[in-house]
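Coordinates as given in entry_15.csv (CSV, C-alpha atoms):
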chain,number,residue,atom,x,y,z
A,260,MET,CA,-29.7,-79.0,64.6
A,261,THR,CA,-28.1,-80.2,67.8
A,262,LYS,CA,-24.8,-81.9,67.9
A,263,GLN,CA,-26.5,-85.2,68.6
A,264,GLU,CA,-28.7,-84.9,65.6
A,265,LYS,CA,-25.7,-83.9,63.4
A,266,LEU,CA,-23.8,-87.0,64.6
A,267,LEU,CA,-26.8,-89.2,64.0
A,268,ASN,CA,-27.1,-87.8,60.5
A,269,LYS,CA,-23.5,-88.6,59.8
A,270,TYR,CA,-24.0,-92.0,61.3
A,271,TYR,CA,-26.8,-92.9,59.0
A,272,LYS,CA,-24.7,-91.7,56.0
A,273,GLY,CA,-21.9,-94.1,57.1
A,274,GLU,CA,-19.5,-91.2,57.6
A,275,THR,CA,-18.9,-91.2,61.4
A,276,SER,CA,-15.5,-92.2,62.7
A,277,LEU,CA,-15.1,-94.9,65.3
A,278,GLU,CA,-14.7,-92.3,68.0
A,279,GLU,CA,-17.9,-90.5,67.0
A,280,GLU,CA,-19.7,-93.8,67.0
A,281,LYS,CA,-18.5,-94.5,70.6
A,282,GLU,CA,-19.7,-91.1,71.5
A,283,LEU,CA,-23.1,-91.8,70.1
A,284,LYS,CA,-23.4,-95.0,72.0
A,285,VAL,CA,-22.7,-93.1,75.2
A,286,ILE,CA,-25.1,-90.3,74.4
A,287,PHE,CA,-28.0,-92.7,73.7
A,288,GLN,CA,-27.4,-94.8,76.8
A,289,GLU,CA,-27.9,-91.7,78.9
A,290,ASP,CA,-30.9,-90.5,76.9
A,291,GLU,CA,-34.2,-90.4,78.7
A,292,ASN,CA,-36.4,-90.6,75.6
A,293,ARG,CA,-37.0,-94.1,74.3
A,294,THR,CA,-36.0,-94.1,70.7
A,295,SER,CA,-35.1,-96.8,68.3
A,296,GLU,CA,-31.5,-95.7,68.4
A,297,GLN,CA,-31.4,-96.3,72.1
A,298,ASP,CA,-32.3,-99.9,71.6
A,299,ILE,CA,-30.1,-100.3,68.6
A,300,PHE,CA,-27.0,-98.8,70.3
A,301,GLY,CA,-27.9,-100.7,73.5
A,302,TYR,CA,-27.9,-103.9,71.5
A,303,PHE,CA,-24.6,-103.1,69.9
A,304,GLU,CA,-23.1,-102.4,73.3
A,305,LYS,CA,-24.5,-105.6,74.7
A,306,GLU,CA,-23.2,-107.6,71.8
A,307,SER,CA,-19.7,-106.1,72.0
A,308,ASN,CA,-19.6,-106.8,75.7
A,309,ILE,CA,-16.5,-108.8,76.5
A,310,PRO,CA,-15.3,-110.5,79.7
A,311,ILE,CA,-13.3,-108.0,81.7
A,312,ASP,CA,-10.4,-110.3,82.3
A,313,LEU,CA,-10.2,-111.4,78.7
A,314,GLU,CA,-6.9,-109.9,77.6
A,315,GLU,CA,-5.2,-110.8,80.9
A,316,SER,CA,-6.4,-114.4,80.9
A,317,VAL,CA,-5.4,-114.8,77.2
A,318,PHE,CA,-2.0,-113.6,77.9
A,319,THR,CA,-1.4,-115.6,81.1
A,320,ASN,CA,-2.6,-118.7,79.4
A,321,LEU,CA,-0.4,-118.0,76.4
A,322,LYS,CA,2.6,-117.7,78.8
A,323,SER,CA,1.8,-120.9,80.5
A,324,ILE,CA,1.4,-122.7,77.2
A,325,GLU,CA,4.8,-121.3,76.1
A,326,LYS,CA,6.4,-122.3,79.4
A,327,HIS,CA,4.9,-125.8,79.1
A,328,ARG,CA,6.3,-126.0,75.6
A,329,LYS,CA,9.7,-124.9,76.8
A,330,THR,CA,9.8,-127.5,79.6
A,331,ILE,CA,8.8,-130.1,77.0
A,332,LYS,CA,11.6,-128.9,74.8
A,333,MET,CA,14.0,-129.0,77.7
A,334,ARG,CA,12.9,-132.5,78.6
A,335,LEU,CA,13.3,-133.5,75.0
A,336,TYR,CA,16.8,-132.0,75.0
A,337,SER,CA,17.8,-133.8,78.2
A,338,LEU,CA,16.3,-137.0,77.0
A,339,SER,CA,18.1,-136.8,73.7
A,340,SER,CA,21.4,-135.9,75.4
A,341,ALA,CA,21.0,-138.8,77.7
A,342,ALA,CA,20.3,-141.1,74.7
A,343,ALA,CA,23.4,-139.7,73.0
A,344,VAL,CA,25.6,-140.4,76.0
A,345,ILE,CA,24.2,-143.9,76.1
A,346,ILE,CA,24.9,-144.5,72.4
A,347,ILE,CA,28.4,-143.1,72.8
A,348,PHE,CA,29.2,-145.4,75.7
A,349,LEU,CA,27.6,-148.4,74.0
A,350,SER,CA,29.6,-147.8,70.8
A,351,VAL,CA,32.8,-147.4,72.7
A,352,TYR,CA,32.1,-150.6,74.7
A,353,LEU,CA,31.2,-152.5,71.5
A,354,ASP,CA,34.3,-151.3,69.7
A,355,PHE,CA,36.4,-152.3,72.7
A,356,ARG,CA,34.8,-155.7,72.9
A,357,ASN,CA,35.3,-156.1,69.1
A,358,THR,CA,39.0,-155.3,69.3
A,359,LYS,CA,39.4,-157.7,72.2
A,360,ASN,CA,37.7,-160.4,70.2
A,361,THR,CA,39.8,-160.0,67.2
A,362,GLN,CA,42.9,-159.9,69.4
A,363,LEU,CA,41.7,-163.2,70.9
A,364,ASN,CA,41.1,-164.6,67.5
A,365,ASN,CA,44.5,-163.6,66.4
A,366,ASP,CA,46.1,-165.1,69.5
A,367,PHE,CA,44.1,-168.3,68.8
A,368,PHE,CA,45.3,-168.3,65.2
A,369,VAL,CA,48.9,-167.9,66.2
A,370,MET,CA,48.5,-170.7,68.8
A,371,GLU,CA,46.9,-172.9,66.2
A,372,GLN,CA,49.8,-172.3,63.8
A,373,ALA,CA,52.3,-173.0,66.5
A,374,LEU,CA,50.6,-176.2,67.6
A,375,PHE,CA,50.3,-177.2,63.9
A,376,GLN,CA,54.0,-176.7,63.5
A,377,VAL,CA,54.7,-178.7,66.6
A,378,SER,CA,52.5,-181.5,65.5
A,379,GLU,CA,54.1,-181.4,62.1
A,380,SER,CA,57.6,-181.7,63.7
A,381,ILE,CA,56.8,-184.6,65.9
A,382,GLN,CA,55.1,-186.5,63.1
A,383,PRO,CA,57.2,-189.6,62.2
A,384,ASP,CA,58.8,-189.5,58.8
A,385,VAL,CA,56.7,-190.9,56.0
A,386,GLN,CA,57.7,-194.5,55.7
A,387,GLU,CA,59.1,-195.3,52.3
A,388,GLU,CA,57.7,-198.2,50.4
A,389,MET,CA,58.9,-201.5,51.7
A,390,LEU,CA,58.3,-205.1,51.0
A,391,VAL,CA,57.5,-207.4,53.8
A,392,LEU,CA,58.9,-210.8,53.1
A,393,TRP,CA,58.4,-212.6,56.2
A,394,VAL,CA,56.9,-211.9,59.5
A,395,ASP,CA,57.3,-214.4,62.3
A,396,ASP,CA,57.3,-214.3,66.1
A,397,ASN,CA,61.0,-214.1,66.0
A,398,VAL,CA,62.0,-212.9,62.6
A,399,GLU,CA,60.9,-210.0,60.4
A,400,ILE,CA,62.3,-209.8,56.9
A,401,ILE,CA,61.8,-206.5,55.2
A,402,ILE,CA,63.3,-205.2,52.0
A,403,ASN,CA,63.4,-201.5,51.6
B,104,MET,CA,23.2,-114.0,64.5
B,105,ASN,CA,22.1,-112.9,68.0
B,106,LEU,CA,21.2,-109.5,66.8
B,107,ASN,CA,19.2,-110.9,63.9
B,108,ARG,CA,17.2,-113.0,66.3
B,109,GLN,CA,16.4,-110.0,68.4
B,110,ILE,CA,14.9,-108.2,65.4
B,111,VAL,CA,12.9,-111.1,64.2
B,112,GLN,CA,11.6,-112.5,67.4
B,113,MET,CA,8.9,-110.4,69.1
B,114,THR,CA,9.2,-110.4,72.8
B,115,ALA,CA,6.3,-111.4,75.1
B,116,GLU,CA,5.9,-107.8,76.2
B,117,GLU,CA,5.6,-106.5,72.7
B,118,PHE,CA,3.2,-109.2,71.8
B,119,LYS,CA,1.1,-108.3,74.9
B,120,ASN,CA,1.0,-104.6,73.9
B,121,LYS,CA,0.5,-105.0,70.1
B,122,ILE,CA,-1.3,-108.2,69.5
B,123,ILE,CA,-3.3,-109.2,72.6
B,124,PRO,CA,-5.5,-106.0,72.4
B,125,PHE,CA,-6.9,-107.6,69.2
B,126,SER,CA,-8.7,-110.1,71.3
B,127,ARG,CA,-11.1,-107.4,72.4
B,128,LYS,CA,-12.0,-106.8,68.7
B,129,LEU,CA,-12.1,-110.5,67.7
B,130,TYR,CA,-14.1,-111.7,70.7
B,131,PRO,CA,-17.6,-110.5,69.6
B,132,MET,CA,-17.0,-111.9,66.1
B,133,LEU,CA,-16.0,-115.3,67.4
B,134,PHE,CA,-18.9,-115.2,69.9
B,135,ARG,CA,-21.3,-114.7,67.0
B,136,ILE,CA,-20.1,-118.0,65.5
B,137,LEU,CA,-19.8,-120.0,68.7
B,138,LYS,CA,-22.5,-118.5,70.9
B,139,ASP,CA,-20.8,-119.7,74.1
B,140,GLU,CA,-18.5,-117.8,76.3
B,141,GLU,CA,-16.2,-120.7,77.2
B,142,GLU,CA,-15.9,-121.9,73.6
B,143,THR,CA,-15.2,-118.3,72.4
B,144,ARG,CA,-12.5,-117.9,75.0
B,145,ASP,CA,-10.9,-121.2,74.0
B,146,ALA,CA,-11.1,-120.2,70.3
B,147,LEU,CA,-9.6,-116.9,71.0
B,148,GLN,CA,-6.8,-118.5,73.0
B,149,ASP,CA,-6.1,-120.9,70.2
B,150,LEU,CA,-6.0,-118.0,67.7
B,151,MET,CA,-3.6,-116.1,69.9
B,152,VAL,CA,-1.3,-119.1,70.2
B,153,LYS,CA,-1.3,-119.4,66.4
B,154,LEU,CA,-0.4,-115.7,66.2
B,155,TRP,CA,2.3,-116.2,68.8
B,156,ASN,CA,3.8,-119.0,66.9
B,157,LYS,CA,3.8,-116.9,63.8
B,158,ARG,CA,5.3,-113.9,65.6
B,159,GLY,CA,8.4,-114.1,63.4
B,160,ASP,CA,6.3,-113.5,60.3
B,161,LEU,CA,4.2,-111.0,62.1
B,162,GLU,CA,7.2,-108.9,63.0
B,163,LYS,CA,8.5,-108.9,59.4
B,164,CYS,CA,5.0,-108.0,58.1
B,165,SER,CA,4.6,-104.3,57.1
B,166,ASN,CA,0.9,-104.4,57.8
B,167,GLN,CA,0.4,-106.3,61.0
B,168,THR,CA,-3.3,-105.5,61.3
B,169,ALA,CA,-4.1,-106.9,57.9
B,170,TYR,CA,-2.1,-110.0,58.7
B,171,ILE,CA,-3.9,-110.6,62.0
B,172,ILE,CA,-7.3,-109.9,60.3
B,173,THR,CA,-6.5,-112.5,57.6
B,174,VAL,CA,-5.5,-115.1,60.2
B,175,ALA,CA,-8.6,-114.4,62.2
B,176,LYS,CA,-10.8,-114.5,59.1
B,177,ASN,CA,-9.5,-117.9,58.0
B,178,TYR,CA,-9.7,-119.1,61.6
B,179,SER,CA,-13.4,-118.1,61.8
B,180,PHE,CA,-14.1,-119.8,58.5
B,181,ASP,CA,-12.6,-123.0,59.9
B,182,LEU,CA,-14.8,-122.6,62.9
B,183,LEU,CA,-17.9,-122.1,60.8
B,184,LYS,CA,-17.0,-125.3,58.8
B,185,LYS,CA,-16.8,-127.5,61.9
B,186,LYS,CA,-19.4,-125.8,64.0
B,187,ARG,CA,-21.4,-128.2,66.1
B,188,PRO,CA,-25.0,-127.7,67.1
B,189,VAL,CA,-25.1,-124.9,69.6
B,190,ARG,CA,-24.7,-126.1,73.1
B,191,ILE,CA,-26.0,-123.9,75.9
B,192,SER,CA,-23.6,-124.2,78.9
B,193,GLU,CA,-24.9,-124.3,82.4
B,194,LYS,CA,-23.8,-120.8,83.0
B,195,GLU,CA,-25.7,-119.5,80.0
B,196,LYS,CA,-28.8,-121.3,81.1
B,197,TYR,CA,-28.6,-119.7,84.5
B,198,LYS,CA,-28.2,-116.3,82.9
B,199,ILE,CA,-31.3,-116.9,80.7
B,200,LEU,CA,-33.3,-118.1,83.7
B,201,ASN,CA,-32.3,-115.0,85.7
B,202,LEU,CA,-33.2,-112.7,82.9
B,203,GLU,CA,-36.6,-114.2,82.7
B,204,ALA,CA,-37.2,-113.8,86.4
B,205,ASP,CA,-36.5,-110.1,86.2
B,206,GLY,CA,-39.3,-108.0,84.6
B,207,VAL,CA,-37.4,-104.9,83.6
B,208,GLN,CA,-34.5,-106.9,82.3
B,209,HIS,CA,-36.9,-109.0,80.3
B,210,GLU,CA,-38.4,-105.9,78.6
B,211,ILE,CA,-35.0,-104.7,77.5
B,212,LYS,CA,-34.0,-108.2,76.5
B,213,GLU,CA,-37.0,-108.4,74.3
B,214,LYS,CA,-36.2,-105.1,72.6
B,215,TYR,CA,-32.6,-106.3,72.0
B,216,GLU,CA,-34.0,-109.5,70.6
B,217,HIS,CA,-36.0,-107.5,68.1
B,218,VAL,CA,-32.8,-105.7,67.0
B,219,HIS,CA,-31.0,-108.9,66.8
B,220,LYS,CA,-33.6,-110.5,64.6
B,221,THR,CA,-33.7,-107.4,62.4
B,222,ILE,CA,-30.0,-107.6,61.8
B,223,ASN,CA,-30.1,-111.3,61.2
B,224,LYS,CA,-32.8,-110.8,58.5
B,225,LEU,CA,-30.6,-108.4,56.6
B,226,PRO,CA,-28.9,-109.7,53.4
B,227,GLU,CA,-25.6,-111.3,54.3
B,228,LYS,CA,-23.4,-108.5,53.0
B,229,TYR,CA,-25.3,-105.9,54.9
B,230,ARG,CA,-25.4,-108.0,58.1
B,231,THR,CA,-21.7,-108.7,58.1
B,232,ILE,CA,-20.6,-105.2,57.5
B,233,ILE,CA,-22.9,-103.7,60.2
B,234,GLN,CA,-21.8,-106.3,62.7
B,235,LEU,CA,-18.1,-105.7,62.0
B,236,ARG,CA,-18.5,-102.0,62.3
B,237,ASP,CA,-21.1,-101.4,64.9
B,238,ILE,CA,-20.5,-104.3,67.2
B,239,ASP,CA,-16.9,-105.2,66.7
B,240,GLY,CA,-15.7,-101.6,66.1
B,241,PHE,CA,-13.4,-102.5,63.2
B,242,SER,CA,-12.0,-99.6,61.1
B,243,PHE,CA,-12.9,-99.4,57.4
B,244,ASP,CA,-9.4,-100.5,56.5
B,245,GLU,CA,-9.9,-103.6,58.6
B,246,ILE,CA,-13.3,-104.4,57.1
B,247,LYS,CA,-11.9,-103.9,53.6
B,248,GLU,CA,-9.3,-106.5,54.5
B,249,MET,CA,-11.9,-108.9,55.6
B,250,THR,CA,-14.6,-108.4,52.9
B,251,GLY,CA,-12.5,-107.2,50.0
B,252,PHE,CA,-14.9,-104.3,49.3
B,253,GLU,CA,-13.6,-100.8,48.7
B,254,ILE,CA,-14.1,-98.3,51.5
B,255,THR,CA,-16.5,-96.0,49.6
B,256,TYR,CA,-18.7,-99.0,48.8
B,257,LEU,CA,-18.5,-100.1,52.5
B,258,ARG,CA,-19.8,-96.7,53.6
B,259,VAL,CA,-22.7,-97.0,51.2
B,260,ILE,CA,-23.6,-100.5,52.4
B,261,LEU,CA,-23.2,-99.5,56.0
B,262,SER,CA,-25.5,-96.5,55.6
B,263,ARG,CA,-28.2,-98.6,54.0
B,264,ALA,CA,-27.9,-101.3,56.6
B,265,ARG,CA,-28.2,-98.8,59.4
B,266,LEU,CA,-31.2,-97.1,57.9
B,267,LYS,CA,-32.8,-100.5,57.3
B,268,VAL,CA,-32.3,-101.6,60.9
B,269,LYS,CA,-33.8,-98.3,62.2
B,270,GLN,CA,-36.7,-98.6,59.9
B,271,GLU,CA,-37.4,-102.2,60.8
B,272,VAL,CA,-37.0,-101.6,64.5
B,273,GLU,CA,-39.4,-98.6,64.4
B,274,LYS,CA,-42.0,-100.8,62.7
B,275,ILE,CA,-42.0,-102.8,65.9
B,276,TYR,CA,-42.2,-99.6,67.9
B,277,ASP,CA,-45.3,-98.5,66.1
B,278,TYR,CA,-46.8,-101.9,66.7
B,279,ASP,CA,-46.0,-101.5,70.4
B,280,LYS,CA,-47.5,-98.0,70.5
B,281,THR,CA,-50.7,-99.0,68.7
B,282,ARG,CA,-51.0,-101.9,71.1
B,283,GLU,CA,-50.6,-99.5,74.1
B,284,ILE,CA,-53.2,-97.2,72.6
B,285,THR,CA,-55.7,-100.0,72.0
B,286,GLN,CA,-55.1,-101.1,75.6
B,287,GLN,CA,-55.8,-97.6,76.8
B,288,ILE,CA,-59.0,-97.4,74.7
B,289,LEU,CA,-60.2,-100.7,76.0
Translate the structure described by the file into structure tokens.
Amino acid sequence: MTKQEKLLNKYYKGETSLEEEKELKVIFQEDENRTSEQDIFGYFEKESNIPIDLEESVFTNLKSIEKHRKTIKMRLYSLSSAAAVIIIFLSVYLDFRNTKNTQLNNDFFVMEQALFQVSESIQPDVQEEMLVLWVDDNVEIIIN
Amino acid sequence: MNLNRQIVQMTAEEFKNKIIPFSRKLYPMLFRILKDEEETRDALQDLMVKLWNKRGDLEKCSNQTAYIITVAKNYSFDLLKKKRPVRISEKEKYKILNLEADGVQHEIKEKYEHVHKTINKLPEKYRTIIQLRDIDGFSFDEIKEMTGFEITYLRVILSRARLKVKQEVEKIYDYDKTREITQQIL
């Protein structure tokens, strides 16, 4: 039995290793005789044919996707940091305005108080009850 | 913290050396489902992106091959579920036209077509296993991972499938030979 036949026997028993199967495929591709194995192995070879640049292109695409994702991430970071800065400034400004407003309110309140007191002080005394007896062009008779 | 990250995260270079080579093995399998080069490339790309995103898990995994096979298997099931009617791209059409124009190529193509039909007529279990082994070149461990059958059983099925294919293909040969003979007689 030739080596080829031995291998083929093993193959049909399902006992060949992957290396031996590769060997068989090569042997039968070069075989001059037309056998069923030649077509079967030829078919397997054809079906397992993959584009030459497959791995390379998969890897380069993967890298570019990753890069793209990173730039998106970076953009997201810068955007969110910009947003954070804006929020900080806005809150500081609002707080500042708020304190200013309350200050104004306080000032206003104090002023109001003062004015009230002033108006109070210049108010004439409350007139006590009096009895008007006579009012004339010349004479006014009042009893307190 | 930094050290920990280094252990968990696989570098691009490691990924290229360890995981990307699987695309060679997975391509024929995906091609059988999608039947179009462009779509298969896209699918494979997608699958590799998935694996890249899971590289943390992958690195921690004791059996990386099994993990990849499982991801690929689930992915191809998803593909099968949402498979659209086969669309022949312009490139494929051109290829087919070219083949038909060429006489010698045509003869070989016809022979391969017979083998293809024979394999497709096999029961599903037989078909899957012979395709995974003889086309994709998966090891028995990997096929076990995909199909769930024990290795001894896989060998038996594979043996039967191979013999069956030979037998069926040779039937066509006999048919061819008798036709030649009848032609000679006539």
Practice problem: Starting from chain A, keep only residues with some atom at most 6 Å from an atom of chain B, counting all atoms listed in the file, and report them as a ChimeraX atom specification. | Solution: /A:271-273,302-303,307,317
Dump of C-alpha atoms for the selected residues, as an mmCIF file, in the frame of the given file:
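Contents of out.cif, freshly written:
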data_model
loop_
_atom_site.group_PDB
_atom_site.id
_atom_site.type_symbol
_atom_site.label_atom_id
_atom_site.label_comp_id
_atom_site.auth_asym_id
_atom_site.auth_seq_id
_atom_site.Cartn_x
_atom_site.Cartn_y
_atom_site.Cartn_z
ATOM 1 C CA TYR A 271 -26.800 -92.900 59.000
ATOM 2 C CA LYS A 272 -24.700 -91.700 56.000
ATOM 3 C CA GLY A 273 -21.900 -94.100 57.100
ATOM 4 C CA TYR A 302 -27.900 -103.900 71.500
ATOM 5 C CA PHE A 303 -24.600 -103.100 69.900
ATOM 6 C CA SER A 307 -19.700 -106.100 72.000
ATOM 7 C CA VAL A 317 -5.400 -114.800 77.200
#
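Rounded to one decimal, atom CA of Pro310 of chain A and atom CA of Tyr270 of chain A lie 27.5 Å from each other.
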re atom CA of Gln288 of chain A and atom CA of Asn223 of chain B: distance 22.9 Å
Identify which of the residues B:Thr114, B:Arg230, B:Phe252, B:Ala146 lies closest to Leu183 of chain B, counting only C-alpha atoms when measuring atom-to-atom distances.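 Ranked by minimum distance to Leu183 of chain B, first place goes to B:Ala146.
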TODO: Using atom CA of Met249 of chain B and atom CA of Phe300 of chain A as the two end points, give the distance in Å to one decimal.
DONE: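 Atom CA of Phe300 of chain A lies at a distance of 23.4 Å from atom CA of Met249 of chain B.
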At a cut-off of 12 Å around the point (6.3, -114.7, 61.1) (file coordinates), what residues fall inside when counting only C-alpha atoms? I'd like the answer as a list in words.
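Applying the cut-off with only C-alpha atoms, one gets Ile110, Val111, Gln112, Met113, Lys153, Leu154, Trp155, Asn156, Lys157, Arg158, Gly159, Asp160, Leu161, Glu162, Lys163, Cys164, Ser165, Gln167, Tyr170, Ile171 and Val174 of chain B.
Of the residues under consideration (B:Ile172, B:Ile232, B:Ser179, B:Lys121), B:Ser179 shows the shortest atom-to-atom contact distance to Leu133 of chain B when counting all atoms listed in the file.
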